[in-house]
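What follows is a set of notes on a single structure, which appears directly below.
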Amino acid sequence: MIGYGDRARTQCEVVRLFRETHPDLPPLNQGTISKIEAQYREMGHVRKVPSKRQAVVDDDTKLNLLLALEENLITPARQLARDMVQHICDWALFVRIRPFIGSEINETKGLIQTDTKTITLSRQENVRNFRFFRVFEETCTQIDLYQCIAVPIVEKVFDGYNGTIFAYGQSGTGKTYTMVGDVRRNELKGIVPNIFSHIFTQISLSNKDISYVVTVTYLEIYNEEIRDLLSGDTNKKLTVREKPGLGVYVKDLLGFTVDSLEGVTEILLKGNKNRATGSTKLNDTSSRSHAIFSILIESRNRVNNKTTYGKLNLVDLAGSERVNKTLATGDRLREAQKINLSLSVLGNVISALVDGKASYIPYRNSKLTRLLQDSLGGNSLTAMIATISPSEVDFEESIYTLMYADRVRHIQNYVSVNVEKRSVIETFERKIEELKAQLEILTQQEGKEARRRPKRSKTSLDDEQLEQIEMEKSFLERKIKTIQRKILVGGENLLKKAQQQMELLESTAKELEHLDSSHQLLEEIIFFKGKEKSIVEKKYANLQEEDKELDRRIEETEKLIFKATDILFMKENEYQNEIETLLHTNKSLAKEMGLINFMINSYVPKEYMEKVKSNLVWVEDIQEWQVKGVAYCGNNLRRRRDRNKDCERADSETIFYNYAAKDL
Ligand SMILES: Nc1ncnc2c1ncn2[C@@H]1O[C@H](COP(=O)(O)OP(=O)(O)OP(=O)(O)O)[C@@H](O)[C@H]1O
């Protein structure tokens with residue numbers, strides 16, 4: 001029987017049970033857990049019990065619960081949705097409007113209208129509408145925002161996916177507030193510290209057969225130089241490298257393995273202290289650098305020997321600012337120029353990704369885009385939070401920020417589970433084995449020494465040897481414990497560490513409602529993705545048909561072209577022949593004319609020639625020269641039949657004669 005006096009606790013038990021016996025099945029999402037819980041409530045296996053804290057589970061319930069889980073877990077639609085998420089994933093875009101602060105406090109609200117998914121900015125004629133996944137108003141709390149944006153991504157990172165959360169916006173609009181917030185006050189904690197609580201809670205709730213190693217890094221890009229915020233020497237400039245199989249990485253960047261909420265919070269605070277900030281006209285503590293906090297979660301299931309690696313990048317970008325508006329000079333001006341430059345490279349990368357036809361994506365044009373290459377159009381579930389100010393003076397910048405974010409909407413990342421990496425857990429486990437073997441040798445040595453001692457007289461030399469062995473042993477034991485602490489084992493041994501977070505999780509039903517709503521949102525997205533997929537598939541089928549038809553037409557056209565080419569070729573040949581014939585005829589005629597001219601000029605006197613010429617006439621009908629009046633001379637001529645019978649009149653001008661062939 002599971003007591004559900006406390007819903008969070010009950011659901012934790014459901015998850016724990018499931019993971020204990022079904023490590024192979026995919027992780028449950030909130031919807032499935034709620035379904036199973038509801039079913040069991042109906043069947044009477046889950047009922048309200050007076051003791052709120054303690055959940056009691058009997059074996060029968062365990063068995064029934066697991067059978068029901070199997071039945072209910074994977075529906076084809078969900079499987080399809082899961083497949084979709086594994087391959088294509090749009091960027092999730094959110095907007096957060098910060099409240100009026102400082103001197104803005106007396107301004108009246110009215111420029112910005114919102115509902116859950118749309119935002120309208122209007123000033124006189126200028127009205128702009130935008131649509132996003134979710135719009136967070138001034139009143140939204142840090143935990144609301146966290147539940148909606150980060151929870152689905154963190155859970156996917158546990159499954160071995162990469163995730164990235166960006167905050168983008170004008171300087172002073174609340175990026176650092178959103179990403180980091182006030183680390184010391186629970187209700188003001190931003191995304192990064194809330195993720196720490198989430199991770200440790202999740203580990204404490206997981207199966208004890210799963211081991212985890214959580215490693216964090218924290219760097220900033222200041223004036224296009226990379227600096228390690230966790231190193232002793234934060235002025236040291238680090239370089240970006242790339243290796244096949246490893247991808248892009250920062251050489252010499254320190255990674256810290258963390259085993260507690262306090263430890264990782266301390267690391268965050270240390271890094272924040274080292275981050276470059278300065279006072280500007282827009283923000284008293286303006287971040288002058290882009291900061292990337294990365295969390296690598298490696299998990300290994302000892303039962304099926306499956307290892308997954310998920311990396312989460314949490315990016316607090318430096319704020320964009322119009323230099324002439326902020327009146328920056330000197331260092332502030334140089335910083336602003338570098339910030340704007342790298343943000344514009346980010347914009348160019350986004351444009352190239354959205355364009356889809358760009359032959360190359362300019363990742364290498366800035367350190368920021370280079371380091372985030374995978375998050376931008378690569379293997380990562382990515383969410384961007386555009387932060388804007390409600391003030392009228394920032395109206396143009398707010399529109400610009402929303403336009404920038406709107407463009408990002410069209411980027412699609414292709415995500416898949418990371419499988420091949422160097423396992424830190426295995427390395428740690430190997431090291432522990434080695435140290436244990438060394439410890440064993442020392443223990444044996446110590447035993448031998450102790451056995452030999454009663455037979456021999458006790459000397460100070462023996463004591464020294466034993467002391468030395470003891471020292472070495474305790475050193476090795478300490479070392480083993482240190483490494484063992486780094487490997488977090490799911491389940492009980494972390495419950496104590498995660499107590500604080502559990503309480504945080506259990507403290508409000510509201511949080512769970514938000515958790516549900518964020519899952520609903522994810523399922524909504526998945527549902528729409530499924531629809532989109534079927535539309536795309538239909539379109540694809542149609543396109544394939546069209547493609548076939550086009551191929552057929554192309555084939556036909558090609559045949560026609562071949563035919564036409566043949567005809568053209570033949571015609572060309574014919575014309576060529578004709579031209580050659582004409583040229584040849586011309587040549588022969590010219591030769592003949594030359595001969596006649598020669599004979600006339602040489603043998604016919606000029607005055608006879610003139611006489612003959614004046615008596616010659618060109619007869620158009622027969623295309624011939626004739627001698628005028630020749631019809632009236634000679635008997636061997638006979639009249640030619642005139643084609644025009646009506647024309648009986650004969651005179652020397654119109655009647656012409658020629659020699660009949662038989663008379664010749
Ligand atoms: N949602 C919010 N609720 C209350 N205060 C907020 C909120 N968002 C921002 N602020 C306040 O606004 C001021 C500026 O916020 P923040 O430093 O986070 O801006 P930013 O965008 O990171 O600026 P920059 O780019 O210059 O670093 C801070 O005093 C912060 O406390």
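For the structure tokens, the naming scheme is as follows: chains receive sequential letters (A, B, ...) according to their order of presentation, residues are indexed from 1 within each chain, and ligands are indexed from 1 in presentation order.
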Contacts of A:Arg430 at 12 Å or less, counting only C-alpha atoms, minus same-chain residues fewer than 6 places along, as a PyMOL selection string? chain A and resi 423-424+436-437+480+483-484
Residues within 10 Å of ligand 1, counting only C-alpha atoms and all ligand atoms, as JSON, numbers by chain: {"A": [96, 97, 98, 99, 100, 101, 102, 136, 137, 138, 139, 140, 141, 142, 167, 168, 169, 170, 171, 172, 173, 174, 175, 176, 177, 178, 179, 180, 181, 182, 188, 190, 276, 277, 278, 279, 280, 281, 282, 283, 284, 285, 286, 287, 288, 289, 290, 316, 317, 318, 319, 320, 321, 339, 386, 387, 388, 389]}
Please measure the separation of atom CA of A:Ile579 and atom CA of A:Thr565, giving the value in Å to one decimal. 20.9 Å
One number please: atom CA of A:Lys367 to atom CA of A:Ala336, in Å, one decimal. 15.8 Å
Determine which residues of stretch 238-408 of chain A DSSP labels as helix (DSSP H, G or I) from the backbone of this structure, then write them out as a PyMOL selection string. chain A and resi 261-274+323-326+330-355+363-365+367-371+392-408
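Excluding stretch 372-380 of chain A itself and same-chain residues fewer than 2 positions from it, the residues having an atom within 8 Å of it are Tyr161, Asn162, Gly163, Thr164, Val248, Ile350, Leu353, Tyr363, Leu368, Thr369, Arg370, Thr382, Ile411, Gln412, Asn413, Tyr414, Val415 and Ser416 of chain A, counting only C-alpha atoms.
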If you measure from atom CA of A:Phe166 to atom CA of A:Glu396, what distance in Å do you get, rounded to one decimal? 21.4 Å
Contacts of A:Arg131 at 10 Å or less, counting only C-alpha atoms, minus same-chain residues fewer than 6 places along, as an NGL selection string? :A and (93-95 or 114-120 or 402 or 406 or 409)
Write down as a PyMOL selection string the residues belonging to stretch 342-388 of chain A that are assigned strand (DSSP E) by DSSP computed on the backbone. chain A and resi 381-388
May I have the residues within 10 Å of A:Tyr249 as a PDB file with N, CA and C atoms, in the first residue's frame, using only C-alpha atoms and disregarding those fewer than 5 positions away in the same chain?
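As a result, around00.pdb now contains:
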```
ATOM      1  N   THR A 239      42.604  28.505 -24.480  1.00  0.00           N
ATOM      2  CA  THR A 239      42.387  28.405 -25.932  1.00  0.00           C
ATOM      3  C   THR A 239      41.355  27.331 -26.271  1.00  0.00           C
ATOM      4  N   VAL A 240      40.715  27.536 -27.407  1.00  0.00           N
ATOM      5  CA  VAL A 240      39.716  26.563 -27.866  1.00  0.00           C
ATOM      6  C   VAL A 240      40.420  25.546 -28.748  1.00  0.00           C
ATOM      7  N   ARG A 241      40.123  24.298 -28.531  1.00  0.00           N
ATOM      8  CA  ARG A 241      40.700  23.229 -29.364  1.00  0.00           C
ATOM      9  C   ARG A 241      39.581  22.361 -29.921  1.00  0.00           C
ATOM     10  N   GLU A 242      39.957  21.582 -30.913  1.00  0.00           N
ATOM     11  CA  GLU A 242      38.966  20.660 -31.477  1.00  0.00           C
ATOM     12  C   GLU A 242      39.636  19.328 -31.763  1.00  0.00           C
ATOM     13  N   LYS A 243      38.990  18.248 -31.396  1.00  0.00           N
ATOM     14  CA  LYS A 243      39.558  16.918 -31.647  1.00  0.00           C
ATOM     15  C   LYS A 243      38.466  16.034 -32.201  1.00  0.00           C
ATOM     16  N   ARG A 370      31.760  29.459 -31.322  1.00  0.00           N
ATOM     17  CA  ARG A 370      32.603  28.264 -31.470  1.00  0.00           C
ATOM     18  C   ARG A 370      32.332  27.285 -30.329  1.00  0.00           C
ATOM     19  N   LEU A 371      32.305  27.839 -29.104  1.00  0.00           N
ATOM     20  CA  LEU A 371      32.095  26.966 -27.942  1.00  0.00           C
ATOM     21  C   LEU A 371      30.687  26.390 -27.903  1.00  0.00           C
ATOM     22  N   LEU A 372      29.746  27.143 -28.448  1.00  0.00           N
ATOM     23  CA  LEU A 372      28.358  26.684 -28.375  1.00  0.00           C
ATOM     24  C   LEU A 372      27.896  26.030 -29.673  1.00  0.00           C
TER      25      LEU A 372
END
```
Between A:Glu220, A:Glu580, A:Glu429, A:Glu537, single out the one closest to A:Leu314, counting only C-alpha atoms. A:Glu220
Which polymer residues have any atom within 8 Å of an atom of stretch 440-451 of chain A, counting only C-alpha atoms, with same-chain residues fewer than 4 positions away left out, as a PyMOL selection string? chain A and resi 436+466+469+472-473
Would you write out those residues with C-alpha atoms, as a PDB file, in the first residue's frame?
```
ATOM      1  CA  LYS A 436      42.610  -1.177  -2.895  1.00  0.00           C
ATOM      2  CA  LEU A 466      55.114  -0.271  11.127  1.00  0.00           C
ATOM      3  CA  ILE A 469      53.011   1.262   6.747  1.00  0.00           C
ATOM      4  CA  GLU A 472      50.699   4.819   3.877  1.00  0.00           C
ATOM      5  CA  LYS A 473      47.582   2.781   4.584  1.00  0.00           C
TER       6      LYS A 473
END
```
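Nearest residue to A:Leu269, choosing from A:Ile165, A:Val192, A:Leu296, A:Leu341 and counting only C-alpha atoms: A:Val192.
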Name the residues in contact with stretch 254-266 of chain A at a cut-off of 7 Å, using only C-alpha atoms, excluding same-chain residues fewer than 6 positions from it; report them as a PyMOL selection string. chain A and resi 193+196-197+213-217+230-231+485-486+488+497
